[in-house]
Each structure stands twice: as C-alpha cells, then as structure tokens.
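Asks: Supplied structure: target.cif, mmCIF, C-alpha atoms; chains and numbers go by the auth columns.
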data_upload
loop_
_atom_site.group_PDB
_atom_site.id
_atom_site.type_symbol
_atom_site.label_atom_id
_atom_site.label_comp_id
_atom_site.label_asym_id
_atom_site.label_seq_id
_atom_site.Cartn_x
_atom_site.Cartn_y
_atom_site.Cartn_z
_atom_site.B_iso_or_equiv
_atom_site.auth_seq_id
_atom_site.auth_asym_id
ATOM 1 C CA MET A 1 11.565 -6.739 2.618 0.00 227 A
ATOM 2 C CA SER A 2 10.767 -3.512 4.337 0.00 228 A
ATOM 3 C CA ALA A 3 7.504 -2.288 2.904 0.00 229 A
ATOM 4 C CA GLN A 4 4.751 -3.267 0.563 0.00 230 A
ATOM 5 C CA GLU A 5 4.545 -1.368 -2.650 0.00 231 A
ATOM 6 C CA VAL A 6 2.109 -1.049 -5.504 0.00 232 A
ATOM 7 C CA ARG A 7 3.518 0.533 -8.655 0.00 233 A
ATOM 8 C CA ARG A 8 1.702 1.509 -11.831 0.00 234 A
ATOM 9 C CA GLU A 9 2.784 3.404 -14.937 0.00 235 A
ATOM 10 C CA LEU A 10 0.661 5.030 -17.571 0.00 236 A
ATOM 11 C CA LEU A 11 1.756 6.833 -20.725 0.00 237 A
ATOM 12 C CA LEU A 12 -0.659 9.681 -21.350 0.00 238 A
ATOM 13 C CA ASP A 13 -1.074 11.465 -24.638 0.00 239 A
ATOM 14 C CA ALA A 14 -0.802 14.927 -23.083 0.00 240 A
ATOM 15 C CA PRO A 15 1.926 17.283 -21.893 0.00 241 A
ATOM 16 C CA ALA A 16 2.938 17.098 -18.222 0.00 242 A
ATOM 17 C CA ALA A 17 1.203 20.413 -17.468 0.00 243 A
ATOM 18 C CA ARG A 18 -2.173 18.915 -18.425 0.00 244 A
ATOM 19 C CA VAL A 19 -1.569 15.759 -16.404 0.00 245 A
ATOM 20 C CA TRP A 20 -0.510 17.942 -13.475 0.00 246 A
ATOM 21 C CA ALA A 21 -3.713 19.970 -13.734 0.00 247 A
ATOM 22 C CA ALA A 22 -5.749 16.760 -13.498 0.00 248 A
ATOM 23 C CA VAL A 23 -3.844 15.845 -10.321 0.00 249 A
ATOM 24 C CA ALA A 24 -3.425 19.215 -8.628 0.00 250 A
ATOM 25 C CA ASP A 25 -6.886 20.688 -9.219 0.00 251 A
ATOM 26 C CA PRO A 26 -9.148 19.070 -6.594 0.00 252 A
ATOM 27 C CA ARG A 27 -12.188 19.257 -8.877 0.00 253 A
ATOM 28 C CA ARG A 28 -10.376 17.401 -11.667 0.00 254 A
ATOM 29 C CA LEU A 29 -8.715 15.036 -9.213 0.00 255 A
ATOM 30 C CA SER A 30 -12.163 14.138 -7.873 0.00 256 A
ATOM 31 C CA ALA A 31 -13.231 13.161 -11.403 0.00 257 A
ATOM 32 C CA TRP A 32 -10.891 10.177 -11.517 0.00 258 A
ATOM 33 C CA PHE A 33 -9.711 9.395 -7.980 0.00 259 A
ATOM 34 C CA GLY A 34 -12.901 7.686 -6.881 0.00 260 A
ATOM 35 C CA ALA A 35 -13.309 10.089 -3.966 0.00 261 A
ATOM 36 C CA ARG A 36 -14.112 13.783 -3.618 0.00 262 A
ATOM 37 C CA ALA A 37 -10.817 15.538 -3.051 0.00 263 A
ATOM 38 C CA GLN A 38 -9.893 18.706 -1.182 0.00 264 A
ATOM 39 C CA LEU A 39 -6.277 19.658 -1.509 0.00 265 A
ATOM 40 C CA ASP A 40 -4.113 22.332 0.084 0.00 266 A
ATOM 41 C CA LEU A 41 -1.280 22.063 -2.386 0.00 267 A
ATOM 42 C CA ARG A 42 1.843 22.942 -0.421 0.00 268 A
ATOM 43 C CA PRO A 43 4.247 20.942 1.738 0.00 269 A
ATOM 44 C CA GLY A 44 2.464 20.202 5.009 0.00 270 A
ATOM 45 C CA GLY A 45 -0.909 21.009 3.422 0.00 271 A
ATOM 46 C CA LEU A 46 -3.922 18.857 4.142 0.00 272 A
ATOM 47 C CA ALA A 47 -5.566 16.623 1.570 0.00 273 A
ATOM 48 C CA THR A 48 -8.995 15.201 2.358 0.00 274 A
ATOM 49 C CA PHE A 49 -10.684 12.446 0.393 0.00 275 A
ATOM 50 C CA THR A 50 -14.359 11.621 0.863 0.00 276 A
ATOM 51 C CA TRP A 51 -15.510 8.355 -0.672 0.00 277 A
ATOM 52 C CA PRO A 52 -19.066 7.838 -1.960 0.00 278 A
ATOM 53 C CA ASP A 53 -19.871 5.708 1.130 0.00 279 A
ATOM 54 C CA GLY A 54 -18.993 8.638 3.399 0.00 280 A
ATOM 55 C CA THR A 55 -15.570 7.369 4.471 0.00 281 A
ATOM 56 C CA VAL A 56 -13.163 10.257 4.994 0.00 282 A
ATOM 57 C CA ARG A 57 -9.419 9.891 4.955 0.00 283 A
ATOM 58 C CA ASN A 58 -6.839 12.631 5.290 0.00 284 A
ATOM 59 C CA ALA A 59 -3.303 12.884 4.027 0.00 285 A
ATOM 60 C CA THR A 60 -0.507 15.396 4.372 0.00 286 A
ATOM 61 C CA VAL A 61 1.234 16.814 1.297 0.00 287 A
ATOM 62 C CA GLU A 62 4.860 15.767 1.712 0.00 288 A
ATOM 63 C CA ASP A 63 6.327 16.955 -1.548 0.00 289 A
ATOM 64 C CA VAL A 64 4.988 19.071 -4.372 0.00 290 A
ATOM 65 C CA GLN A 65 6.905 19.992 -7.519 0.00 291 A
ATOM 66 C CA GLU A 66 4.704 21.440 -10.223 0.00 292 A
ATOM 67 C CA ALA A 67 4.235 19.144 -13.233 0.00 293 A
ATOM 68 C CA ARG A 68 6.701 16.690 -11.714 0.00 294 A
ATOM 69 C CA VAL A 69 5.924 15.221 -8.311 0.00 295 A
ATOM 70 C CA LEU A 70 3.177 15.010 -5.711 0.00 296 A
ATOM 71 C CA VAL A 71 3.665 12.942 -2.577 0.00 297 A
ATOM 72 C CA LEU A 72 0.860 12.424 -0.075 0.00 298 A
ATOM 73 C CA ARG A 73 1.243 10.672 3.252 0.00 299 A
ATOM 74 C CA TRP A 74 -1.919 9.025 4.500 0.00 300 A
ATOM 75 C CA HIS A 75 -2.871 9.726 8.086 0.00 301 A
ATOM 76 C CA PRO A 76 -3.170 6.595 10.201 0.00 302 A
ATOM 77 C CA PHE A 77 -6.963 6.805 10.514 0.00 303 A
ATOM 78 C CA GLU A 78 -10.026 7.028 8.411 0.00 304 A
ATOM 79 C CA ARG A 79 -13.528 7.892 9.574 0.00 305 A
ATOM 80 C CA ASP A 80 -16.658 6.193 8.423 0.00 306 A
ATOM 81 C CA ALA A 81 -19.876 8.051 7.630 0.00 307 A
ATOM 82 C CA ALA A 82 -20.858 7.886 11.328 0.00 308 A
ATOM 83 C CA GLY A 83 -17.567 9.527 12.326 0.00 309 A
ATOM 84 C CA ARG A 84 -16.042 6.413 13.842 0.00 310 A
ATOM 85 C CA ALA A 85 -12.261 6.322 13.506 0.00 311 A
ATOM 86 C CA ARG A 86 -10.642 3.212 12.106 0.00 312 A
ATOM 87 C CA ARG A 87 -6.923 2.674 12.097 0.00 313 A
ATOM 88 C CA ARG A 88 -5.237 2.487 8.683 0.00 314 A
ATOM 89 C CA PRO A 89 -1.590 2.066 7.698 0.00 315 A
ATOM 90 C CA PRO A 90 0.066 5.486 7.259 0.00 316 A
ATOM 91 C CA GLY A 91 1.562 4.772 3.867 0.00 317 A
ATOM 92 C CA SER A 92 2.280 7.224 1.096 0.00 318 A
ATOM 93 C CA VAL A 93 1.301 7.855 -2.503 0.00 319 A
ATOM 94 C CA ARG A 94 3.839 9.250 -4.936 0.00 320 A
ATOM 95 C CA LEU A 95 2.709 10.552 -8.322 0.00 321 A
ATOM 96 C CA GLN A 96 5.556 11.357 -10.667 0.00 322 A
ATOM 97 C CA MET A 97 5.276 12.856 -14.140 0.00 323 A
ATOM 98 C CA VAL A 98 8.044 12.335 -16.687 0.00 324 A
ATOM 99 C CA ALA A 99 7.851 14.036 -20.092 0.00 325 A
ATOM 100 C CA GLU A 100 8.392 11.724 -23.055 0.00 326 A
ATOM 101 C CA GLY A 101 8.318 13.978 -26.108 0.00 327 A
ATOM 102 C CA PRO A 102 4.771 15.339 -26.364 0.00 328 A
ATOM 103 C CA ARG A 103 3.511 12.674 -23.985 0.00 329 A
ATOM 104 C CA THR A 104 3.801 12.145 -20.240 0.00 330 A
ATOM 105 C CA ARG A 105 4.561 9.041 -18.272 0.00 331 A
ATOM 106 C CA LEU A 106 2.742 8.986 -14.958 0.00 332 A
ATOM 107 C CA ILE A 107 4.352 6.742 -12.356 0.00 333 A
ATOM 108 C CA VAL A 108 2.295 5.937 -9.279 0.00 334 A
ATOM 109 C CA VAL A 109 3.817 4.260 -6.242 0.00 335 A
ATOM 110 C CA GLU A 110 1.690 3.567 -3.167 0.00 336 A
ATOM 111 C CA THR A 111 3.524 2.096 -0.209 0.00 337 A
ATOM 112 C CA ARG A 112 2.471 0.665 3.106 0.00 338 A
ATOM 113 C CA PRO A 113 5.152 0.966 5.751 0.00 339 A
ATOM 114 C CA GLY A 114 7.260 -1.972 6.764 0.00 340 A
ATOM 115 C CA ASN A 115 10.339 -1.329 8.856 0.00 341 A
ATOM 116 C CA ARG A 116 9.491 2.314 9.293 0.00 342 A
ATOM 117 C CA PRO A 117 8.020 2.797 12.732 0.00 343 A
ATOM 118 C CA ASP A 118 4.282 3.094 12.661 0.00 344 A
ATOM 119 C CA VAL A 119 3.512 6.713 13.469 0.00 345 A
ATOM 120 C CA PHE A 120 0.393 5.781 15.346 0.00 346 A
ATOM 121 C CA GLU A 121 2.322 3.392 17.530 0.00 347 A
ATOM 122 C CA LEU A 122 4.855 6.122 18.255 0.00 348 A
ATOM 123 C CA TYR A 123 2.488 8.985 18.870 0.00 349 A
ATOM 124 C CA GLY A 124 -0.986 7.575 19.256 0.00 350 A
ATOM 125 C CA PRO A 125 -0.746 6.095 22.748 0.00 351 A
ATOM 126 C CA ARG A 126 0.901 9.259 24.089 0.00 352 A
ATOM 127 C CA HIS A 127 -1.565 11.662 22.620 0.00 353 A
ATOM 128 C CA PHE A 128 -4.784 9.871 22.048 0.00 354 A
ATOM 129 C CA GLY A 129 -4.706 7.137 24.640 0.00 355 A
ATOM 130 C CA SER A 130 -6.925 4.844 22.585 0.00 356 A
ATOM 131 C CA ARG A 131 -7.897 4.069 19.050 0.00 357 A
ATOM 132 C CA GLU A 132 -10.516 6.798 19.116 0.00 358 A
ATOM 133 C CA PRO A 133 -8.405 9.926 18.911 0.00 359 A
ATOM 134 C CA GLY A 134 -11.225 12.415 19.397 0.00 360 A
ATOM 135 C CA PRO A 135 -11.890 15.578 17.411 0.00 361 A
ATOM 136 C CA ASN A 136 -9.066 17.559 15.863 0.00 362 A
ATOM 137 C CA TRP A 137 -6.627 14.731 16.406 0.00 363 A
ATOM 138 C CA GLU A 138 -5.039 15.607 13.051 0.00 364 A
ATOM 139 C CA LEU A 139 -3.932 19.000 14.324 0.00 365 A
ATOM 140 C CA ARG A 140 -2.354 17.554 17.444 0.00 366 A
ATOM 141 C CA PHE A 141 -0.847 14.749 15.447 0.00 367 A
ATOM 142 C CA ARG A 142 0.626 17.067 12.837 0.00 368 A
ATOM 143 C CA ALA A 143 1.945 19.446 15.472 0.00 369 A
ATOM 144 C CA GLU A 144 3.739 16.518 17.078 0.00 370 A
ATOM 145 C CA VAL A 145 5.204 15.022 13.908 0.00 371 A
ATOM 146 C CA GLY A 146 6.067 18.481 12.607 0.00 372 A
ATOM 147 C CA SER A 147 4.513 17.906 9.197 0.00 373 A
ATOM 148 C CA MET B 1 -3.903 -8.654 11.226 0.00 28 B
ATOM 149 C CA SER B 2 -1.502 -6.229 12.843 0.00 29 B
ATOM 150 C CA GLU B 3 1.257 -4.405 10.997 0.00 30 B
ATOM 151 C CA PRO B 4 4.231 -6.239 12.517 0.00 31 B
ATOM 152 C CA ARG B 5 2.775 -9.492 11.301 0.00 32 B
ATOM 153 C CA VAL B 6 2.423 -8.144 7.781 0.00 33 B
ATOM 154 C CA GLU B 7 6.081 -7.138 7.931 0.00 34 B
ATOM 155 C CA ALA B 8 7.059 -10.611 9.061 0.00 35 B
ATOM 156 C CA VAL B 9 5.081 -12.091 6.184 0.00 36 B
ATOM 157 C CA PHE B 10 6.855 -9.962 3.631 0.00 37 B
ATOM 158 C CA ALA B 11 10.265 -10.479 5.198 0.00 38 B
ATOM 159 C CA ALA B 12 9.630 -14.196 5.080 0.00 39 B
ATOM 160 C CA LEU B 13 8.466 -14.090 1.468 0.00 40 B
ATOM 161 C CA ALA B 14 11.358 -11.898 0.326 0.00 41 B
ATOM 162 C CA ASP B 15 13.712 -14.878 0.410 0.00 42 B
ATOM 163 C CA PRO B 16 13.615 -17.028 -2.760 0.00 43 B
ATOM 164 C CA THR B 17 14.546 -20.196 -0.864 0.00 44 B
ATOM 165 C CA ARG B 18 11.646 -19.700 1.512 0.00 45 B
ATOM 166 C CA ARG B 19 9.364 -19.196 -1.440 0.00 46 B
ATOM 167 C CA SER B 20 10.530 -22.509 -2.923 0.00 47 B
ATOM 168 C CA VAL B 21 9.988 -24.170 0.451 0.00 48 B
ATOM 169 C CA MET B 22 6.434 -22.805 0.407 0.00 49 B
ATOM 170 C CA GLN B 23 5.943 -23.900 -3.194 0.00 50 B
ATOM 171 C CA HIS B 24 7.025 -27.420 -2.337 0.00 51 B
ATOM 172 C CA ILE B 25 4.735 -27.594 0.682 0.00 52 B
ATOM 173 C CA SER B 26 1.924 -26.132 -1.372 0.00 53 B
ATOM 174 C CA ALA B 27 2.411 -28.718 -4.144 0.00 54 B
ATOM 175 C CA HIS B 28 2.419 -31.624 -1.680 0.00 55 B
ATOM 176 C CA GLY B 29 -0.109 -30.393 0.850 0.00 56 B
ATOM 177 C CA GLU B 30 2.375 -30.930 3.643 0.00 57 B
ATOM 178 C CA ALA B 31 6.018 -31.887 4.096 0.00 58 B
ATOM 179 C CA SER B 32 8.606 -32.653 6.749 0.00 59 B
ATOM 180 C CA ALA B 33 11.978 -30.916 6.984 0.00 60 B
ATOM 181 C CA SER B 34 13.767 -34.075 5.748 0.00 61 B
ATOM 182 C CA GLU B 35 11.482 -34.355 2.719 0.00 62 B
ATOM 183 C CA LEU B 36 12.145 -30.733 1.881 0.00 63 B
ATOM 184 C CA ALA B 37 15.894 -31.286 2.264 0.00 64 B
ATOM 185 C CA THR B 38 15.833 -34.133 -0.275 0.00 65 B
ATOM 186 C CA HIS B 39 13.959 -32.031 -2.831 0.00 66 B
ATOM 187 C CA LEU B 40 15.668 -28.676 -2.404 0.00 67 B
ATOM 188 C CA PRO B 41 19.394 -27.946 -2.880 0.00 68 B
ATOM 189 C CA ILE B 42 19.967 -26.780 0.705 0.00 69 B
ATOM 190 C CA SER B 43 20.934 -28.442 3.955 0.00 70 B
ATOM 191 C CA ARG B 44 18.453 -29.739 6.489 0.00 71 B
ATOM 192 C CA GLN B 45 19.703 -27.135 8.997 0.00 72 B
ATOM 193 C CA ALA B 46 18.986 -24.350 6.498 0.00 73 B
ATOM 194 C CA ILE B 47 15.538 -25.829 5.843 0.00 74 B
ATOM 195 C CA ALA B 48 14.862 -25.840 9.584 0.00 75 B
ATOM 196 C CA LYS B 49 15.813 -22.149 9.827 0.00 76 B
ATOM 197 C CA HIS B 50 13.554 -21.234 6.921 0.00 77 B
ATOM 198 C CA LEU B 51 10.683 -23.224 8.396 0.00 78 B
ATOM 199 C CA THR B 52 11.112 -21.348 11.680 0.00 79 B
ATOM 200 C CA ALA B 53 10.972 -17.999 9.865 0.00 80 B
ATOM 201 C CA LEU B 54 7.894 -19.073 7.898 0.00 81 B
ATOM 202 C CA SER B 55 6.304 -20.379 11.047 0.00 82 B
ATOM 203 C CA GLU B 56 6.950 -17.133 12.961 0.00 83 B
ATOM 204 C CA ALA B 57 5.373 -15.194 10.112 0.00 84 B
ATOM 205 C CA GLY B 58 2.345 -17.454 10.425 0.00 85 B
ATOM 206 C CA LEU B 59 2.784 -18.759 6.885 0.00 86 B
ATOM 207 C CA VAL B 60 3.233 -22.420 7.821 0.00 87 B
ATOM 208 C CA SER B 61 2.064 -24.396 10.787 0.00 88 B
ATOM 209 C CA ALA B 62 3.797 -27.394 12.320 0.00 89 B
ATOM 210 C CA LYS B 63 2.062 -30.562 13.418 0.00 90 B
ATOM 211 C CA ARG B 64 3.724 -33.503 15.095 0.00 91 B
ATOM 212 C CA ALA B 65 2.926 -36.841 13.392 0.00 92 B
ATOM 213 C CA GLY B 66 4.690 -39.624 15.275 0.00 93 B
ATOM 214 C CA ARG B 67 8.396 -38.819 15.243 0.00 94 B
ATOM 215 C CA GLN B 68 8.037 -36.376 12.402 0.00 95 B
ATOM 216 C CA VAL B 69 7.050 -32.740 12.378 0.00 96 B
ATOM 217 C CA ARG B 70 5.002 -31.982 9.312 0.00 97 B
ATOM 218 C CA TYR B 71 4.425 -28.519 7.884 0.00 98 B
ATOM 219 C CA ARG B 72 1.387 -27.143 6.099 0.00 99 B
ATOM 220 C CA LEU B 73 0.653 -23.752 4.611 0.00 100 B
ATOM 221 C CA THR B 74 -1.591 -21.418 6.527 0.00 101 B
ATOM 222 C CA PRO B 75 -2.843 -19.125 3.774 0.00 102 B
ATOM 223 C CA GLU B 76 -4.504 -16.505 5.978 0.00 103 B
ATOM 224 C CA PRO B 77 -1.607 -14.093 6.681 0.00 104 B
ATOM 225 C CA MET B 78 -0.511 -14.173 3.076 0.00 105 B
ATOM 226 C CA SER B 79 -3.984 -13.387 1.865 0.00 106 B
ATOM 227 C CA ASP B 80 -4.044 -10.267 4.064 0.00 107 B
ATOM 228 C CA ALA B 81 -0.662 -9.013 2.866 0.00 108 B
ATOM 229 C CA MET B 82 -1.445 -9.937 -0.729 0.00 109 B
ATOM 230 C CA GLY B 83 -4.934 -8.605 -0.227 0.00 110 B
ATOM 231 C CA TRP B 84 -3.623 -5.103 0.408 0.00 111 B
ATOM 232 C CA MET B 85 -1.578 -5.198 -2.780 0.00 112 B
ATOM 233 C CA ALA B 86 -4.453 -6.614 -4.806 0.00 113 B
ATOM 234 C CA LYS B 87 -6.935 -4.065 -3.440 0.00 114 B
ATOM 235 C CA VAL B 88 -4.692 -1.020 -3.787 0.00 115 B
ATOM 236 C CA GLY B 89 -3.470 -2.237 -7.185 0.00 116 B
ATOM 237 C CA ALA B 90 -7.048 -2.598 -8.435 0.00 117 B
ATOM 238 C CA GLN B 91 -7.909 0.886 -7.104 0.00 118 B
ATOM 239 C CA TRP B 92 -5.044 2.413 -9.070 0.00 119 B
ATOM 240 C CA ASP B 93 -5.968 0.455 -12.208 0.00 120 B
ATOM 241 C CA ASP B 94 -9.469 1.946 -11.998 0.00 121 B
ATOM 242 C CA ARG B 95 -8.169 5.420 -11.221 0.00 122 B
ATOM 243 C CA LEU B 96 -5.636 5.446 -14.037 0.00 123 B
ATOM 244 C CA GLN B 97 -8.241 4.221 -16.503 0.00 124 B
ATOM 245 C CA ALA B 98 -10.514 7.055 -15.408 0.00 125 B
ATOM 246 C CA LEU B 99 -7.628 9.535 -15.572 0.00 126 B
ATOM 247 C CA GLN B 100 -6.819 8.422 -19.105 0.00 127 B
ATOM 248 C CA ARG B 101 -10.449 9.029 -20.080 0.00 128 B
ATOM 249 C CA VAL B 102 -10.387 12.457 -18.391 0.00 129 B
ATOM 250 C CA ILE B 103 -7.184 13.469 -20.158 0.00 130 B
ATOM 251 C CA GLU B 104 -7.371 11.772 -23.521 0.00 131 B
ATOM 252 C CA GLY B 105 -11.114 11.277 -23.939 0.00 132 B
ATOM 253 C CA PRO B 106 -12.078 14.418 -25.863 0.00 133 B
ATOM 254 C CA LYS B 107 -8.915 14.219 -27.952 0.00 134 B
ATOM 255 C CA LYS B 108 -9.668 10.639 -29.050 0.00 135 B
ATOM 256 C CA GLN B 109 -13.234 11.541 -29.972 0.00 136 B
ATOM 257 C CA GLY B 110 -11.796 14.421 -32.004 0.00 137 B
ATOM 258 C CA ARG B 111 -9.596 12.007 -33.950 0.00 138 B
ATOM 259 C CA ASN B 112 -12.560 9.828 -34.827 0.00 139 B
ATOM 260 C CA HIS B 113 -14.489 12.654 -36.455 0.00 140 B
#
Take the structure in the file and write it out as structure tokens.

Replies:
Amino acid sequence: MSAQEVRRELLLDAPAARVWAAVADPRRLSAWFGARAQLDLRPGGLATFTWPDGTVRNATVEDVQEARVLVLRWHPFERDAAGRARRRPPGSVRLQMVAEGPRTRLIVVETRPGNRPDVFELYGPRHFGSREPGPNWELRFRAEVGS
Amino acid sequence: MSEPRVEAVFAALADPTRRSVMQHISAHGEASASELATHLPISRQAIAKHLTALSEAGLVSAKRAGRQVRYRLTPEPMSDAMGWMAKVGAQWDDRLQALQRVIEGPKKQGRNH
C-alpha cells in the first residue's frame, strides 16, 4: 500500500455551482471547514487555513476546475500560535463535484503520502537545514518545487 | 512516528495473509510460527516471511521462550497510522455535516413552513 487515504461522499441537494461557491469563496469555506480560510484560487495559488487555536497551515492549489474539482496540497509544516513550525505530512485534499440531476455529489479524498518521496526530506535539508525553516520558507520552497 | 515507519505499517497491513496472522496473534495473545502454520493455510516458511515483515513494521515483537520464538502484537505503530485516518476522517465528517447545513439549511427550513 502506497499511501493512506480518507474518502467521504456526500449527496447535496443543490446544483454544483452552489456547492462550488461554498468551497471556492473563502468566507463560505470558512463557515464549514473548521478554520478561517484564505484562498488564491488558481493553480499554484496559496491557501491559508487558521484554526481557532491559532495554528496556521498553508497549502498550494494544485488543480482548479470550476464547479468540478479543487485539489490542495498541504505544505509540510504548520505553525502554532507562537509561530513555532511543526512538521506535517504534505498530503493532498481533492474535492470533486459530480452533478446528479438537480443534486451534487461531493467526493472528498484526503491522502497522506506513502511511496511518494517526502518533499521535506528532499528539499528541507538543502534549503532549511533544520526543522525550523525560518520566515518565508514557503516562497523558497515553492520556488524550488516549481509549484 | 516517522513517515517511513507509517509506510511500512500500511505495506504490512495491505496483505490479507498478514492481517490474518495478526488476527490470530491478537485472538491468542501470542503465538509461535509453528502454531500459526497449523492454524493458517500457508507454509511455515511463508509464515516466517510474514512475521519478519510485521516485525520490521513494528507491528509484532518477538520474544524467545525456551526453544520457541513467540510473537505478540505491538499496537503502537498501528494506532498512529490508524489514528491519522480516524482523526482526518472525523474532521471531514464534521466538515461535511457543517457544509450540508450551510448549503441545505435554509432550504430545509423553507420546506417545513
């Protein structure tokens, strides 16, 4: 088995455009995600989630197809309220919307990498030297991985 | 627990025979390779291979008892790997419930009027 995966499906009594709006609009996304969301909705764009306890975790938008697909790739760190970085698995979240008549099936798949090389292990030691990557590590990281 | 270990856990658990080996050990508290071979439809050599894989993943531990090597489950690595799935799964259950309220809430209230 290569990776761990959590999969959920939900049939919503709304057209895909309305489900998409609840996902793509950061204000609406924040209403159900459990964290305050900021979202630059384009491939390579930055998504930032701030949890009520102050934990901040970033992700990169990997794929965006209006009313169909949003894929976010978690960055391999989160920061607590004091700004301390903590390593996290750089998995991804895929939200897919499939129209079923007037309704929409939302399929969520969150994965944690398995056989894929860990991006931190590839790039972290070269660029950050330690687990504390310092300020603006995301920019350097994204420049290196070309996302 | 580091990532490579999580991978090893899942690779080990992906095999149905290894899962039945673990089930047998779990049901009996501990077992030797020969005991497992008498209860499961595979050879003793195959059992030994599976026990090595499980052992490398940290899922079972071996203890010498006289001339026998006895195996026990070590639940810790599994609970971490399973823990991720349980935690992330529960997060999405909460989120999707909230999303359903956000999207369908007003509509449902409308129907009730």

Asks: Could you tell me how far CA of Thr101 (chain B) sits from CA of Val87 (chain B), in Å to one decimal place?

Replies: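 Rounded to one decimal, the two atoms are 5.1 Å apart.
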
Asks: Can you measure CA of Ala273 (chain A) to CA of Gly132 (chain B) for me? One decimal in Å is fine.

Replies: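 CA of Ala273 (chain A) sits 26.6 Å away from CA of Gly132 (chain B).
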
Asks: Set the cut-off to 8 Å and count all atoms listed in the file: what are the residues of chain B that reach chain A? Output as number ranges by chain.

Replies: B: 30-31, 33-34, 37-38, 41, 112, 115-116, 119-120, 122-123, 125-127, 129-131

Asks: Care to translate the PyMOL selection byres ((chain A and resi 289) around 9) into actual residues of this file, as a ChimeraX atom specification?

Replies: /A:268-270,287-288,290-291,295-298,320

Asks: Given the choices A:Glu292, A:Met323, A:Asn284, A:Arg253, which gets closest to Leu267 (chain A) if the distance is worked out from all atoms listed in the file?

Replies: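 Of the candidates, the smallest distance to Leu267 (chain A) is held by A:Glu292.
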
Asks: How many Å lie between CA of Thr274 (chain A) and CA of Ala261 (chain A), rounded to one decimal?

Replies: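 Answer for the CA of Thr274 (chain A) to CA of Ala261 (chain A) separation: 9.2 Å.
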
Asks: With all atoms listed in the file counted and 8 Å as the cut-off, give the residues of region 68-107 of chain B in contact with region 53-57 of chain B, each with its shortest interatomic distance in Å and the pair that gives it, as JSON lines.

Replies:
{"residue": "B:Arg97", "atom": "CA", "partner": "B:Glu57", "partner_atom": "CA", "distance": 6.3}
{"residue": "B:Tyr98", "atom": "CA", "partner": "B:Glu57", "partner_atom": "CA", "distance": 5.3}
{"residue": "B:Arg99", "atom": "CA", "partner": "B:Glu57", "partner_atom": "CA", "distance": 4.6}
{"residue": "B:Leu100", "atom": "CA", "partner": "B:Ser53", "partner_atom": "CA", "distance": 6.6}

Asks: Excluding Thr276 (chain A) and any residue of its chain fewer than 4 positions from it, enumerate the residues within 8 Å of it, using all atoms listed in the file, and give them as a list in words.

Replies: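 The contact residues come out as Ala261, Arg262, Ala263, Gly280, Thr281, Val282 and Arg283 of chain A.
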
Asks: Of the candidates A:Thr330, A:Gln264, A:Thr286, A:Ser256, which shows the shortest atom-to-atom distance to Pro316 (chain A), using all atoms listed in the file?

Replies: A:Thr286

Asks: Closest to Ala285 (chain A) among A:Pro302, A:Gly327, A:Pro252, A:Gly309, using all atoms listed in the file?

Replies: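 Of all the options, A:Pro302 lies closest to Ala285 (chain A).
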
Asks: Suppose a student applies the PyMOL selection byres ((chain B and resi 59) around 8) to this structure; what residues should they get, written as a compact mmCIF listing (two decimals) with C-alpha atoms, in the coordinates of the input?

Replies:
# COMPACT_ATOMS: atom_id res chain seq x y z
CA GLU B 57 2.38 -30.93 3.64
CA ALA B 58 6.02 -31.89 4.10
CA ALA B 60 11.98 -30.92 6.98
CA SER B 61 13.77 -34.08 5.75
CA GLU B 62 11.48 -34.35 2.72
CA LEU B 63 12.14 -30.73 1.88
CA GLN B 95 8.04 -36.38 12.40
CA VAL B 96 7.05 -32.74 12.38
CA ARG B 97 5.00 -31.98 9.31
CA TYR B 98 4.42 -28.52 7.88

Asks: Taking (13.7, -22.4, 8.1) in the file's coordinates, which residues come within 12 Å, counting all atoms listed in the file, written as a ChimeraX atom specification?

Replies: /B:39-40,42,44-49,59-61,63-64,69-84,86-87,89,98

Asks: Taking the block just given, write region 231-268 of chain A to a file that holds C-alpha atoms, as an mmCIF file, in the first residue's frame.

Replies:
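The result, written out as selection24.cif:
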data_model
loop_
_atom_site.group_PDB
_atom_site.id
_atom_site.type_symbol
_atom_site.label_atom_id
_atom_site.label_comp_id
_atom_site.auth_asym_id
_atom_site.auth_seq_id
_atom_site.Cartn_x
_atom_site.Cartn_y
_atom_site.Cartn_z
ATOM 1 C CA GLU A 231 -6.404 7.751 2.190
ATOM 2 C CA VAL A 232 -9.576 9.058 3.743
ATOM 3 C CA ARG A 233 -12.569 9.207 1.409
ATOM 4 C CA ARG A 234 -16.001 10.669 2.051
ATOM 5 C CA GLU A 235 -19.007 11.263 -0.191
ATOM 6 C CA LEU A 236 -21.974 13.492 0.379
ATOM 7 C CA LEU A 237 -25.021 13.998 -1.825
ATOM 8 C CA LEU A 238 -26.092 17.617 -1.537
ATOM 9 C CA ASP A 239 -29.478 18.942 -2.510
ATOM 10 C CA ALA A 240 -28.049 21.802 -4.572
ATOM 11 C CA PRO A 241 -26.596 22.335 -8.038
ATOM 12 C CA ALA A 242 -22.816 22.029 -8.433
ATOM 13 C CA ALA A 243 -22.449 25.805 -8.845
ATOM 14 C CA ARG A 244 -23.795 26.366 -5.320
ATOM 15 C CA VAL A 245 -21.579 23.669 -3.830
ATOM 16 C CA TRP A 246 -18.627 25.193 -5.681
ATOM 17 C CA ALA A 247 -19.409 28.626 -4.249
ATOM 18 C CA ALA A 248 -19.319 27.165 -0.734
ATOM 19 C CA VAL A 249 -15.875 25.704 -1.483
ATOM 20 C CA ALA A 250 -14.284 28.422 -3.600
ATOM 21 C CA ASP A 251 -15.407 31.506 -1.671
ATOM 22 C CA PRO A 252 -13.051 31.748 1.332
ATOM 23 C CA ARG A 253 -15.735 33.351 3.503
ATOM 24 C CA ARG A 254 -18.169 30.497 2.838
ATOM 25 C CA LEU A 255 -15.413 27.903 3.052
ATOM 26 C CA SER A 256 -14.522 29.255 6.497
ATOM 27 C CA ALA A 257 -18.120 28.655 7.614
ATOM 28 C CA TRP A 258 -17.786 24.883 7.399
ATOM 29 C CA PHE A 259 -14.091 23.978 7.197
ATOM 30 C CA GLY A 260 -13.369 24.494 10.874
ATOM 31 C CA ALA A 261 -10.642 27.021 10.093
ATOM 32 C CA ARG A 262 -10.564 30.540 8.667
ATOM 33 C CA ALA A 263 -9.625 30.190 5.026
ATOM 34 C CA GLN A 264 -7.782 32.479 2.628
ATOM 35 C CA LEU A 265 -7.649 31.191 -0.895
ATOM 36 C CA ASP A 266 -5.889 32.347 -4.047
ATOM 37 C CA LEU A 267 -7.933 30.256 -6.424
ATOM 38 C CA ARG A 268 -5.597 29.444 -9.299
#
